[in-house]
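Here's the structure, in structure tokens; my notes come after.
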2 protein chains.
Amino acid sequence: MALATGTRFARWGTPPHPVGLSAAAESFLTDRLGDPRPAPARPARDIAVGSPRLGAADLDRLSALVGADGVSTDAADRLGHAAGCSLTDYLTLRRAEVDPAAVPDAVVRPASHDQVRDVLSLCANEHVLVVPYGGGTSVVGGVTATSDRPRIALAFDRMAEVLDIDEDSMTVTVQPGITGPVLERILQARGLTWGHLPQSWERATIGGYAATRSAGQASTGYGRSDEMIESLRVATPMGDLSLGRGPASAAGPDLRQLFIGSEGAFGVITEVSLRVRHLPTTSRYEGLMFPSYESGVAAFRDLAQYRATADVMRLSDVPETTATLAMSGPQGRTGQVFDRYLEFRNVAGGCMAILGWEGYSKRVVAARRSAAWAIMKDHKPVSLGSSVGNSWRRHRYDGPYLRDTLLDRGYIVETLETATHWSGIHRLRDAVSGALTQQLSRDGRRAYVMSHISHVYETGASLYFTAIVASAPDPVAQWAVAKAAAMDAIVAADGTITHHHAVGRDHMPWLEAEVGLEGMRLLRGIKGLVDPQGVLNPGVLASDR
Amino acid sequence: MALATGTRFARWGTPPHPVGLSAAAESFLTDRLGDPRPAPARPARDIAVGSPRLGAADLDRLSALVGADGVSTDAADRLGHAAGCSLTDYLTLRRAEVDPAAVPDAVVRPASHDQVRDVLSLCANEHVLVVPYGGGTSVVGGVTATSDRPRIALAFDRMAEVLDIDEDSMTVTVQPGITGPVLERILQARGLTWGHLPQSWERATIGGYAATRSAGQASTGYGRSDEMIESLRVATPMGDLSLGRGPASAAGPDLRQLFIGSEGAFGVITEVSLRVRHLPTTSRYEGLMFPSYESGVAAFRDLAQYRATADVMRLSDVPETTATLAMSGPQGRTGQVFDRYLEFRNVAGGCMAILGWEGYSKRVVAARRSAAWAIMKDHKPVSLGSSVGNSWRRHRYDGPYLRDTLLDRGYIVETLETATHWSGIHRLRDAVSGALTQQLSRDGRRAYVMSHISHVYETGASLYFTAIVASAPDPVAQWAVAKAAAMDAIVAADGTITHHHAVGRDHMPWLEAEVGLEGMRLLRGIKGLVDPQGVLNPGVLASDR
């Protein structure tokens with residue numbers, strides 16, 4: 001089967017959107033990590049895609065439900081719905097090592113809630129597995145099933161509309177397949193915004209956000225996706241649910257919270273009602289430098305606990321600050337002046353932060369900023385001005401493109417995230433950084449591991465780690481060992497196994513550490529209630545039935 | 001069996017804490033509602049309490065688990081755990097009409113998580129029903145079971161300790177039986193506060209708040225109780241669960257949300273970790289008058305949607321404003337001056353509001369207040385000054401005491417609450433007020449129905465209704481008819497069946513309207529997983545198994 005090259009299978013960016021490495025970045029990476037052999041992706045045509053295992057009768061039945069153009073067995077389409085965007089997914093695709101059993105046998109595109117429900121009923125009866133596939137941006141194996149049984153990918157390209165906007169109540173009801181850019185275009189034309197801006201924003205879907213408890217870069221101010229969901233409609237093999245009434249309720253357990261974060265294993269989200277905001281009319285983004293990581297953490301904690309958070313709050317640790325300044329900071333003569341300024345202000349070797357405020361009046365934004373600075377002053381930060389903040393904003397979606405470039409260059413790079421209470425944040429950071437560095441620095445390779453606080457709560461914060469190292473001959477195994485060590489370290493240090501990436505298949509071995517033996521039993525029991533045949537996203541949340 | 005009189009069975013307040021009616025209040029009530037025959041409570045000794053139906057063997061087994069002093073079959077103790085604080089509960093007790101089958105056969109007081117678990121195992125095996133009983137302040141029949149089978153009340157007097165305070169992360173871990181005043185005393189000694197201040201504050205327990213999704217008077221600023229729970233430990237007949245890790249997680253469905261709000265029907269909460277705040281060092285409470293209810297609602301909506309909420313936000317409708325001013329407003333000559341002032345400022349006949357800000361610096365509180373006034377100015381409120389706000393604060397817990405007085409006087413008085421989106425708030429208020437007024441104004445009686453917005457969200461608000469009317473010969477039936485009509489009106493107007501009072505037994509007939517047929521099926525299924533013998537709080541959440 002002929003597959004076009006230059007598709008998105010093995011990379012985030014397609015030309016003309018690569019992010020190149022500056023000379024300073026090249027030199028930083030070479031100095032720190034060595035100069036690996038380039039590792040270009042093999043052409044997509046090298047990937048073996050087996051024949052669909054669904055018989056003509058099943059395909060006909062599916063077509064009868066969603067229309068003939070709603071069912072595709074095209075090889076490229078199937079391969080395009082075989083994996084997410086984790087390092088392992090990318091490496092597998094780039095190396096043309098895709099297991100044919102990992103490729104869905106058909107891509108099915110329902111056009112309505114009723115069609116979703118009908119497809120689920122059919123699949124439950126016929127024991128055809130169903131993996132819901134939104135933007136395909138999972139980095140935890142959430143859409144990567146391997147099975148002997150026939151399987152469809154359920155795609156939402158035909159369910160991507162805004163169904164309703166209630167401007168009085170500031171809610172918008174959407175179908176699951178709509179992406180952030182499309183939704184924001186529609187909202188912003190009316191002076192509204194959802195404000196949910198994760199790094200996957202360009203591709204991920206609202207259904208995917210809801211199914212994975214995504215958190216955006218501005219979630220300190222705008223809320224996590226799971227907090228911004230007012231109500232949802234779900235199709236399950238058991239039946240349909242419409243959950244959520246008004247802004248808040250005390251009517252028993254919050255059943256929405258069983259389906260939010262259920263990653264398609266308990267049901268398919270077919271409608272979501274989101275809380276939206278008035279579009280801010282003014283904003284202020286600012287770079288800061290703290291004398292140390294400890295002082296930055298203490299300042300961020302105080303901002304949260306004295307109710308003076310900014311909307312975007314991000315604090316890099318020393319390695320991330322070093323890398324950022326070396327690769328994108330001022331260079332040459334300007335760089336020397338900048339370094340001397342940091343020394344003069346007693347923040348050399350410290351940690352960089354970004355604070356961003358958004359609002360509806362310059363006066364209120366200025367007052368919030370000034371309250372924040374008053375609270376932080378004991379921790380002695382120095383402002384780097386708004387150009388640093390605005391530069392971060394401009395480049396906020398660069399990460400995944402940069403990963404393409406680094407993979408081509410022969411490095412591997414991956415991220416993972418966790419969260420814990422303030423009282424354990426340093427122990428957690430040290431444990432995870434240590435585990436990654438130790439596992440990846442082998443056979444003469446040197447790993448670079450950095451992290452930042454990306455979301456701030458009154459009781460704690462999230463930590464987002466990035467690891468880069470020259471690729472080993474088997475980079476999939478290389479990363480698997482490091483990731484396992486990091487997850488063990490997270491669990492031992494009392495962190496959550498995931499702050500906003502979800503569980504997928506990759507985190508399943510650690511889920512019991514999070515919810516306990518009885519929690520796992522409860523998840524399996526609920527799975528048995530809503531999906532008794534076990535056809536929905538098998539292997540996720542309740543695999544050991 | 002001799003029962004002491006003057007106990008709390010039939011009233012909220014015990015001397016010296018009655019709240020009397022001012023002459024102005026007397027005259028307002030008599031004018032509007034007539035002058036009913038006084039209806040003093042019958043003495044507690046008139047209440048028939050049957051013999052415990054638990055055999056000596058069962059009592060011995062229970063004593064073996066929790067100690068002999070942890071098991072009581074004392075008639076007064078049993079009767080003290082037979083009912084909550086709803087109007088129906090009070091009327092039943094006051095009229096000595098308690099069904100002997102509604103009185104628990106023993107009160108069991110475990111002293112630890114393990115003892116709770118052991119008691120649940122024993123009761124599940126022996127088919128003894130278990131009704132968890134915290135402060136007993138349910139107003140929805142949450143603790144009022146009537147059954148043929150033997151039943152214990154599980155009380156938490158011996159599980160009322162603070163277990164841990166993490167001042168860095170601002171979390172406090174408590175046992176379920178601790179009350180607000182005790183917790184606040186301990187927290188405030190360290191400069192902390194939970195800030196959860198519902199009208200039941202003097203009696204209700206933290207376990208009860210968690211089990212019912214309680215919301216306090218300052219929940220607009222401090223959050224609902226369900227939002228302030230970081231983690232919890234639960235004992236169920238299935239086994240133990242410890243749920244919640246750190247400030248936020250994306251590790252699948254949020255199983256905490258199955259037990260929060262589960263009213264003891266899914267498990268017994270044995271530990272709760274709460275998010276606490278630094279104790280505010282400054283506050284500003286203020287009364288306001290809006291020219292109309294519509295303008296007040298619009299202003300409250302704008303405050304929420306432009307992120308300028310106060311911590312306490314309360315807006316009375318016209319009837320509540322009228323009653324408040326008539327019964328506790330300025331009287332005589334001062335009253336005339338006040339009335340003329342309202343006319344002069346174009347807010348006569350309008351609606352009263354309370355806004356309260358709390359914080360850590362006068363400057364920040366002033367800036368927040370000034371931002372709020374800037375947003376409200378199009379809606380033309382007039383400040384009534386801080387004395388009105390402070391007076392509201394002083395009397396914030398008076399309601400239940402006042403009800404005692406009104407019941408003695410021969411009125412019946414009850415409250416109920418709901419919430420909906422801003423776009424439906426007027427329709428909902430009108431529908432519920434209309435239904436209550438119509439059902440209660442019968443046989444020559446005139447009902448007085450008033451409401452206020454008590455909690456504000458970006459997408460909507462809660463409505464809290466109070467109805468007063470002269471008692472009919474059968475006041476239990478009188479209220480039942482009115483409450484049913486109000487609930488039907490709530491459902492028809494798309495409100496939630498409860499914003500913060502929970503479901504209990506009283507709201508069960510309307511739960512399906514809230515969560516749907518499949519939602520009810522799911523609740524029953526989950527009940528079957530965690531409590532297969534169905535011994536926990538029978539009749540609540542999943543009664544029709």
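Simple scheme: letters A, B, ... for chains in structure tokens order, numbers from 1 for residues in each chain, numbers from 1 for ligands in the order shown.
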
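Near Ala250 of chain A, within 8 Å and counting only C-alpha atoms, sit Pro253 of chain A; Thr212, Arg213, Ser214, Gly261, Thr498, His499, His500, His501, Ala502 and Val503 of chain B; same-chain residues fewer than 3 positions away were not included.
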
Based on the selection just made, write C-alpha atoms of those residues as an mmCIF file, in the first residue's frame.
data_model
loop_
_atom_site.group_PDB
_atom_site.id
_atom_site.type_symbol
_atom_site.label_atom_id
_atom_site.label_comp_id
_atom_site.auth_asym_id
_atom_site.auth_seq_id
_atom_site.Cartn_x
_atom_site.Cartn_y
_atom_site.Cartn_z
ATOM 1 C CA PRO A 253 -22.094 11.854 43.487
ATOM 2 C CA THR B 212 -23.643 16.314 51.242
ATOM 3 C CA ARG B 213 -21.675 18.840 49.125
ATOM 4 C CA SER B 214 -22.503 21.627 51.531
ATOM 5 C CA GLY B 261 -22.081 13.782 48.013
ATOM 6 C CA THR B 498 -30.481 20.753 45.217
ATOM 7 C CA HIS B 499 -27.635 23.250 45.279
ATOM 8 C CA HIS B 500 -26.222 22.421 48.714
ATOM 9 C CA HIS B 501 -28.754 20.511 50.826
ATOM 10 C CA ALA B 502 -28.182 17.123 49.131
ATOM 11 C CA VAL B 503 -30.748 14.507 48.071
#

With only C-alpha atoms as the counted atoms, please give the residues lying no more than 7 Å from Leu384 of chain B, apart from itself and same-chain residues fewer than 5 positions off, as a PDB file with N, CA and C atoms, in the first residue's frame.
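And here is the file that came out, around_22.pdb:
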ATOM      1  N   GLU B 286     -20.685  45.081  53.293  1.00  0.00           N
ATOM      2  CA  GLU B 286     -21.417  46.264  52.877  1.00  0.00           C
ATOM      3  C   GLU B 286     -22.827  45.878  52.448  1.00  0.00           C
ATOM      4  N   GLY B 287     -23.811  46.696  52.817  1.00  0.00           N
ATOM      5  CA  GLY B 287     -25.147  46.525  52.282  1.00  0.00           C
ATOM      6  C   GLY B 287     -25.336  47.404  51.062  1.00  0.00           C
ATOM      7  N   LEU B 288     -26.119  46.933  50.111  1.00  0.00           N
ATOM      8  CA  LEU B 288     -26.392  47.718  48.907  1.00  0.00           C
ATOM      9  C   LEU B 288     -27.882  47.623  48.609  1.00  0.00           C
ATOM     10  N   MET B 289     -28.352  48.575  47.845  1.00  0.00           N
ATOM     11  CA  MET B 289     -29.731  48.517  47.383  1.00  0.00           C
ATOM     12  C   MET B 289     -29.704  48.704  45.867  1.00  0.00           C
TER      13      MET B 289
END

10 Å contact set for Leu436 of chain A, only C-alpha atoms, chain neighbours under 3 positions out, as a PDB file with N, CA, C and O atoms, in the first residue's frame:
ATOM      1  N   ALA A 431      13.736  13.897  42.933  1.00  0.00           N
ATOM      2  CA  ALA A 431      13.631  12.454  42.706  1.00  0.00           C
ATOM      3  C   ALA A 431      13.442  12.143  41.222  1.00  0.00           C
ATOM      4  O   ALA A 431      14.091  11.244  40.674  1.00  0.00           O
ATOM      5  N   VAL A 432      12.572  12.901  40.568  1.00  0.00           N
ATOM      6  CA  VAL A 432      12.280  12.609  39.162  1.00  0.00           C
ATOM      7  C   VAL A 432      13.453  13.024  38.280  1.00  0.00           C
ATOM      8  O   VAL A 432      13.891  12.272  37.396  1.00  0.00           O
ATOM      9  N   SER A 433      14.002  14.204  38.523  1.00  0.00           N
ATOM     10  CA  SER A 433      15.169  14.636  37.745  1.00  0.00           C
ATOM     11  C   SER A 433      16.307  13.647  37.920  1.00  0.00           C
ATOM     12  O   SER A 433      16.970  13.270  36.945  1.00  0.00           O
ATOM     13  N   GLN A 439      19.067   7.204  34.602  1.00  0.00           N
ATOM     14  CA  GLN A 439      18.732   6.155  33.638  1.00  0.00           C
ATOM     15  C   GLN A 439      19.159   6.503  32.222  1.00  0.00           C
ATOM     16  O   GLN A 439      19.445   5.618  31.422  1.00  0.00           O
ATOM     17  N   LEU A 440      19.169   7.778  31.912  1.00  0.00           N
ATOM     18  CA  LEU A 440      19.483   8.159  30.523  1.00  0.00           C
ATOM     19  C   LEU A 440      20.972   8.398  30.306  1.00  0.00           C
ATOM     20  O   LEU A 440      21.426   8.424  29.165  1.00  0.00           O
ATOM     21  N   SER A 441      21.708   8.625  31.406  1.00  0.00           N
ATOM     22  CA  SER A 441      23.146   8.878  31.248  1.00  0.00           C
ATOM     23  C   SER A 441      23.904   7.559  31.319  1.00  0.00           C
ATOM     24  O   SER A 441      24.447   7.173  32.355  1.00  0.00           O
ATOM     25  N   ALA A 447      22.657  12.905  29.657  1.00  0.00           N
ATOM     26  CA  ALA A 447      21.268  13.384  29.535  1.00  0.00           C
ATOM     27  C   ALA A 447      21.164  14.806  30.060  1.00  0.00           C
ATOM     28  O   ALA A 447      21.912  15.214  30.956  1.00  0.00           O
ATOM     29  N   TYR A 448      20.245  15.560  29.494  1.00  0.00           N
ATOM     30  CA  TYR A 448      19.928  16.881  30.044  1.00  0.00           C
ATOM     31  C   TYR A 448      18.472  16.849  30.491  1.00  0.00           C
ATOM     32  O   TYR A 448      17.571  16.589  29.694  1.00  0.00           O
ATOM     33  N   VAL A 449      18.264  17.050  31.781  1.00  0.00           N
ATOM     34  CA  VAL A 449      16.915  16.954  32.345  1.00  0.00           C
ATOM     35  C   VAL A 449      16.569  18.283  33.013  1.00  0.00           C
ATOM     36  O   VAL A 449      17.341  18.805  33.825  1.00  0.00           O
ATOM     37  N   MET A 450      15.454  18.828  32.639  1.00  0.00           N
ATOM     38  CA  MET A 450      15.052  20.125  33.196  1.00  0.00           C
ATOM     39  C   MET A 450      13.560  20.080  33.500  1.00  0.00           C
ATOM     40  O   MET A 450      12.848  19.200  33.036  1.00  0.00           O
ATOM     41  N   PHE A 465       8.543  17.970  33.271  1.00  0.00           N
ATOM     42  CA  PHE A 465       9.943  17.618  33.008  1.00  0.00           C
ATOM     43  C   PHE A 465      10.194  17.431  31.517  1.00  0.00           C
ATOM     44  O   PHE A 465       9.348  16.887  30.814  1.00  0.00           O
ATOM     45  N   THR A 466      11.360  17.845  31.078  1.00  0.00           N
ATOM     46  CA  THR A 466      11.806  17.562  29.715  1.00  0.00           C
ATOM     47  C   THR A 466      13.174  16.889  29.799  1.00  0.00           C
ATOM     48  O   THR A 466      14.049  17.372  30.533  1.00  0.00           O
ATOM     49  N   ALA A 467      13.332  15.770  29.099  1.00  0.00           N
ATOM     50  CA  ALA A 467      14.617  15.069  29.077  1.00  0.00           C
ATOM     51  C   ALA A 467      15.105  14.995  27.639  1.00  0.00           C
ATOM     52  O   ALA A 467      14.324  14.700  26.731  1.00  0.00           O
ATOM     53  N   ILE A 468      16.376  15.286  27.432  1.00  0.00           N
ATOM     54  CA  ILE A 468      16.988  15.179  26.100  1.00  0.00           C
ATOM     55  C   ILE A 468      18.284  14.381  26.236  1.00  0.00           C
ATOM     56  O   ILE A 468      19.054  14.591  27.170  1.00  0.00           O
ATOM     57  N   TRP A 479      14.106   4.890  26.288  1.00  0.00           N
ATOM     58  CA  TRP A 479      13.152   5.757  26.980  1.00  0.00           C
ATOM     59  C   TRP A 479      12.275   4.979  27.962  1.00  0.00           C
ATOM     60  O   TRP A 479      11.953   5.453  29.055  1.00  0.00           O
ATOM     61  N   VAL A 481      12.910   2.494  29.871  1.00  0.00           N
ATOM     62  CA  VAL A 481      13.592   2.279  31.153  1.00  0.00           C
ATOM     63  C   VAL A 481      13.587   3.569  31.978  1.00  0.00           C
ATOM     64  O   VAL A 481      13.320   3.559  33.187  1.00  0.00           O
ATOM     65  N   ALA A 482      13.868   4.680  31.308  1.00  0.00           N
ATOM     66  CA  ALA A 482      13.930   5.960  32.015  1.00  0.00           C
ATOM     67  C   ALA A 482      12.552   6.382  32.515  1.00  0.00           C
ATOM     68  O   ALA A 482      12.387   6.841  33.649  1.00  0.00           O
ATOM     69  N   LYS A 483      11.554   6.190  31.670  1.00  0.00           N
ATOM     70  CA  LYS A 483      10.206   6.571  32.051  1.00  0.00           C
ATOM     71  C   LYS A 483       9.739   5.741  33.242  1.00  0.00           C
ATOM     72  O   LYS A 483       9.121   6.271  34.185  1.00  0.00           O
ATOM     73  N   ALA A 484      10.022   4.457  33.232  1.00  0.00           N
ATOM     74  CA  ALA A 484       9.626   3.597  34.356  1.00  0.00           C
ATOM     75  C   ALA A 484      10.298   4.066  35.638  1.00  0.00           C
ATOM     76  O   ALA A 484       9.655   4.121  36.708  1.00  0.00           O
ATOM     77  N   ALA A 485      11.557   4.422  35.546  1.00  0.00           N
ATOM     78  CA  ALA A 485      12.263   4.898  36.743  1.00  0.00           C
ATOM     79  C   ALA A 485      11.646   6.201  37.242  1.00  0.00           C
ATOM     80  O   ALA A 485      11.493   6.423  38.450  1.00  0.00           O
ATOM     81  N   ALA A 486      11.285   7.081  36.304  1.00  0.00           N
ATOM     82  CA  ALA A 486      10.665   8.352  36.693  1.00  0.00           C
ATOM     83  C   ALA A 486       9.319   8.107  37.359  1.00  0.00           C
ATOM     84  O   ALA A 486       8.986   8.732  38.377  1.00  0.00           O
ATOM     85  N   MET A 487       8.534   7.180  36.816  1.00  0.00           N
ATOM     86  CA  MET A 487       7.219   6.904  37.404  1.00  0.00           C
ATOM     87  C   MET A 487       7.367   6.301  38.796  1.00  0.00           C
ATOM     88  O   MET A 487       6.628   6.669  39.721  1.00  0.00           O
ATOM     89  N   ALA A 489       9.775   6.863  40.787  1.00  0.00           N
ATOM     90  CA  ALA A 489      10.213   7.962  41.656  1.00  0.00           C
ATOM     91  C   ALA A 489       9.031   8.854  42.028  1.00  0.00           C
ATOM     92  O   ALA A 489       8.907   9.311  43.165  1.00  0.00           O
TER      93      ALA A 489
END

Residues of chain A that approach chain B to 7 Å or less, counting only C-alpha atoms: could you list each one with the shortest pair of atoms and its distance in Å to one decimal, rows by chain and increasing residue number, as JSON lines?
{"residue": "A:Asp168", "atom": "CA", "partner": "B:Ser423", "partner_atom": "CA", "distance": 5.4}
{"residue": "A:Ser169", "atom": "CA", "partner": "B:Thr459", "partner_atom": "CA", "distance": 4.5}
{"residue": "A:Met170", "atom": "CA", "partner": "B:Thr459", "partner_atom": "CA", "distance": 5.7}
{"residue": "A:Thr171", "atom": "CA", "partner": "B:Thr459", "partner_atom": "CA", "distance": 6.7}
{"residue": "A:Thr212", "atom": "CA", "partner": "B:Ala250", "partner_atom": "CA", "distance": 6.5}
{"residue": "A:Arg213", "atom": "CA", "partner": "B:Ala250", "partner_atom": "CA", "distance": 5.2}
{"residue": "A:Gly239", "atom": "CA", "partner": "B:Glu518", "partner_atom": "CA", "distance": 6.3}
{"residue": "A:Asp240", "atom": "CA", "partner": "B:Glu518", "partner_atom": "CA", "distance": 6.6}
{"residue": "A:Leu241", "atom": "CA", "partner": "B:Glu518", "partner_atom": "CA", "distance": 6.0}
{"residue": "A:Ser242", "atom": "CA", "partner": "B:Val515", "partner_atom": "CA", "distance": 6.9}
{"residue": "A:Leu243", "atom": "CA", "partner": "B:Val515", "partner_atom": "CA", "distance": 6.0}
{"residue": "A:Arg245", "atom": "CA", "partner": "B:Thr496", "partner_atom": "CA", "distance": 5.7}
{"residue": "A:Gly246", "atom": "CA", "partner": "B:Thr420", "partner_atom": "CA", "distance": 4.3}
{"residue": "A:Pro247", "atom": "CA", "partner": "B:Gly460", "partner_atom": "CA", "distance": 5.5}
{"residue": "A:Ala248", "atom": "CA", "partner": "B:His499", "partner_atom": "CA", "distance": 6.3}
{"residue": "A:Ser249", "atom": "CA", "partner": "B:His499", "partner_atom": "CA", "distance": 4.4}
{"residue": "A:Ala250", "atom": "CA", "partner": "B:Ala502", "partner_atom": "CA", "distance": 4.8}
{"residue": "A:Ala251", "atom": "CA", "partner": "B:Ala502", "partner_atom": "CA", "distance": 5.4}
{"residue": "A:Gly252", "atom": "CA", "partner": "B:Gly261", "partner_atom": "CA", "distance": 4.5}
{"residue": "A:Pro253", "atom": "CA", "partner": "B:Leu258", "partner_atom": "CA", "distance": 4.6}
{"residue": "A:Asp254", "atom": "CA", "partner": "B:Gln257", "partner_atom": "CA", "distance": 5.4}
{"residue": "A:Gln257", "atom": "CA", "partner": "B:Asp254", "partner_atom": "CA", "distance": 5.4}
{"residue": "A:Leu258", "atom": "CA", "partner": "B:Pro253", "partner_atom": "CA", "distance": 4.6}
{"residue": "A:Phe259", "atom": "CA", "partner": "B:Pro253", "partner_atom": "CA", "distance": 6.3}
{"residue": "A:Ile260", "atom": "CA", "partner": "B:Pro253", "partner_atom": "CA", "distance": 6.1}
{"residue": "A:Gly261", "atom": "CA", "partner": "B:Gly252", "partner_atom": "CA", "distance": 4.5}
{"residue": "A:Ser262", "atom": "CA", "partner": "B:Gly252", "partner_atom": "CA", "distance": 5.3}
{"residue": "A:Arg275", "atom": "CA", "partner": "B:Thr459", "partner_atom": "CA", "distance": 6.8}
{"residue": "A:Arg277", "atom": "CA", "partner": "B:Gln305", "partner_atom": "CA", "distance": 6.8}
{"residue": "A:Gln305", "atom": "CA", "partner": "B:Arg277", "partner_atom": "CA", "distance": 6.8}
{"residue": "A:Val364", "atom": "CA", "partner": "B:Ala371", "partner_atom": "CA", "distance": 6.9}
{"residue": "A:Ala371", "atom": "CA", "partner": "B:Val364", "partner_atom": "CA", "distance": 6.9}
{"residue": "A:Ala419", "atom": "CA", "partner": "B:Gly246", "partner_atom": "CA", "distance": 6.2}
{"residue": "A:Thr420", "atom": "CA", "partner": "B:Gly246", "partner_atom": "CA", "distance": 4.3}
{"residue": "A:His421", "atom": "CA", "partner": "B:Gly246", "partner_atom": "CA", "distance": 5.2}
{"residue": "A:Trp422", "atom": "CA", "partner": "B:Ser169", "partner_atom": "CA", "distance": 4.9}
{"residue": "A:Ser423", "atom": "CA", "partner": "B:Asp168", "partner_atom": "CA", "distance": 5.4}
{"residue": "A:Tyr457", "atom": "CA", "partner": "B:Pro247", "partner_atom": "CA", "distance": 6.4}
{"residue": "A:Thr459", "atom": "CA", "partner": "B:Ser169", "partner_atom": "CA", "distance": 4.5}
{"residue": "A:Gly460", "atom": "CA", "partner": "B:Pro247", "partner_atom": "CA", "distance": 5.5}
{"residue": "A:Ala461", "atom": "CA", "partner": "B:Pro247", "partner_atom": "CA", "distance": 6.8}
{"residue": "A:Gly495", "atom": "CA", "partner": "B:Gly246", "partner_atom": "CA", "distance": 6.6}
{"residue": "A:Thr496", "atom": "CA", "partner": "B:Arg245", "partner_atom": "CA", "distance": 5.7}
{"residue": "A:Ile497", "atom": "CA", "partner": "B:Ala251", "partner_atom": "CA", "distance": 6.6}
{"residue": "A:Thr498", "atom": "CA", "partner": "B:Ala250", "partner_atom": "CA", "distance": 5.4}
{"residue": "A:His499", "atom": "CA", "partner": "B:Ser249", "partner_atom": "CA", "distance": 4.4}
{"residue": "A:His500", "atom": "CA", "partner": "B:Ala250", "partner_atom": "CA", "distance": 4.9}
{"residue": "A:His501", "atom": "CA", "partner": "B:Ala250", "partner_atom": "CA", "distance": 6.5}
{"residue": "A:Ala502", "atom": "CA", "partner": "B:Ala250", "partner_atom": "CA", "distance": 4.8}
{"residue": "A:Val503", "atom": "CA", "partner": "B:Ala251", "partner_atom": "CA", "distance": 5.5}
{"residue": "A:Val515", "atom": "CA", "partner": "B:Leu243", "partner_atom": "CA", "distance": 6.0}
{"residue": "A:Gly516", "atom": "CA", "partner": "B:Leu241", "partner_atom": "CA", "distance": 6.8}
{"residue": "A:Glu518", "atom": "CA", "partner": "B:Leu241", "partner_atom": "CA", "distance": 6.0}
{"residue": "A:Gly519", "atom": "CA", "partner": "B:Leu241", "partner_atom": "CA", "distance": 6.4}
{"residue": "A:Gly525", "atom": "CA", "partner": "B:Leu529", "partner_atom": "CA", "distance": 6.6}
{"residue": "A:Ile526", "atom": "CA", "partner": "B:Ile526", "partner_atom": "CA", "distance": 6.9}
{"residue": "A:Leu529", "atom": "CA", "partner": "B:Gly525", "partner_atom": "CA", "distance": 6.6}
{"residue": "A:Leu541", "atom": "CA", "partner": "B:Gly252", "partner_atom": "CA", "distance": 6.9}

Report summary line: Counting only C-alpha atoms, the residue among B:Gly191, B:Pro176, B:Pro538, B:Gly134 that lies closest to Asp148 of chain B is B:Pro538

Report task. From a DSSP calculation on the backbone, collect every residue of segment 383-507 of chain A in alpha helix (DSSP H) and output the set as a VMD selection string. Result -> chain A and resid 386 to 394 399 to 409 425 to 440 475 to 492

Report task. Report the residues of segment 228-358 of chain B whose backbone DSSP state falls under strand (DSSP E), written as a PyMOL selection string. Result -> chain B and resi 229-235+240-243+268-275+277-278+282-290+312-316+351-358

Report task. Show which residues sit within 12 Å of His379 of chain A, as a PyMOL selection string. Count only C-alpha atoms, and ignore same-chain residues fewer than 3 positions away. Result -> chain A and resi 288-303+346-347+350-351+372-376+382

Report task. Pick out the residues sitting within 9 Å of Gln175 of chain B, and hand them over as a PyMOL selection string; count only C-alpha atoms, and ignore anything fewer than 5 positions along from it in its own chain. Result -> chain B and resi 112-113+156+159-163+206-207+269-273

Query - Non-local contacts of Gly34 of chain A (10 Å; only C-alpha atoms; under 6 positions in same chain excluded) as a VMD selection string - result: chain A and resid 27 to 28 411 444 to 447 469 to 470

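Nearest-residue note for Thr405 of chain A: choosing from A:Ala41, A:Ala304, A:Ala493, A:Ala235, the minimum distance belongs to A:Ala41, counting only C-alpha atoms.
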
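Our summary of the geometry notes that atom CA of Leu197 of chain A is positioned 6.6 Å from atom CA of Ala218 of chain A.
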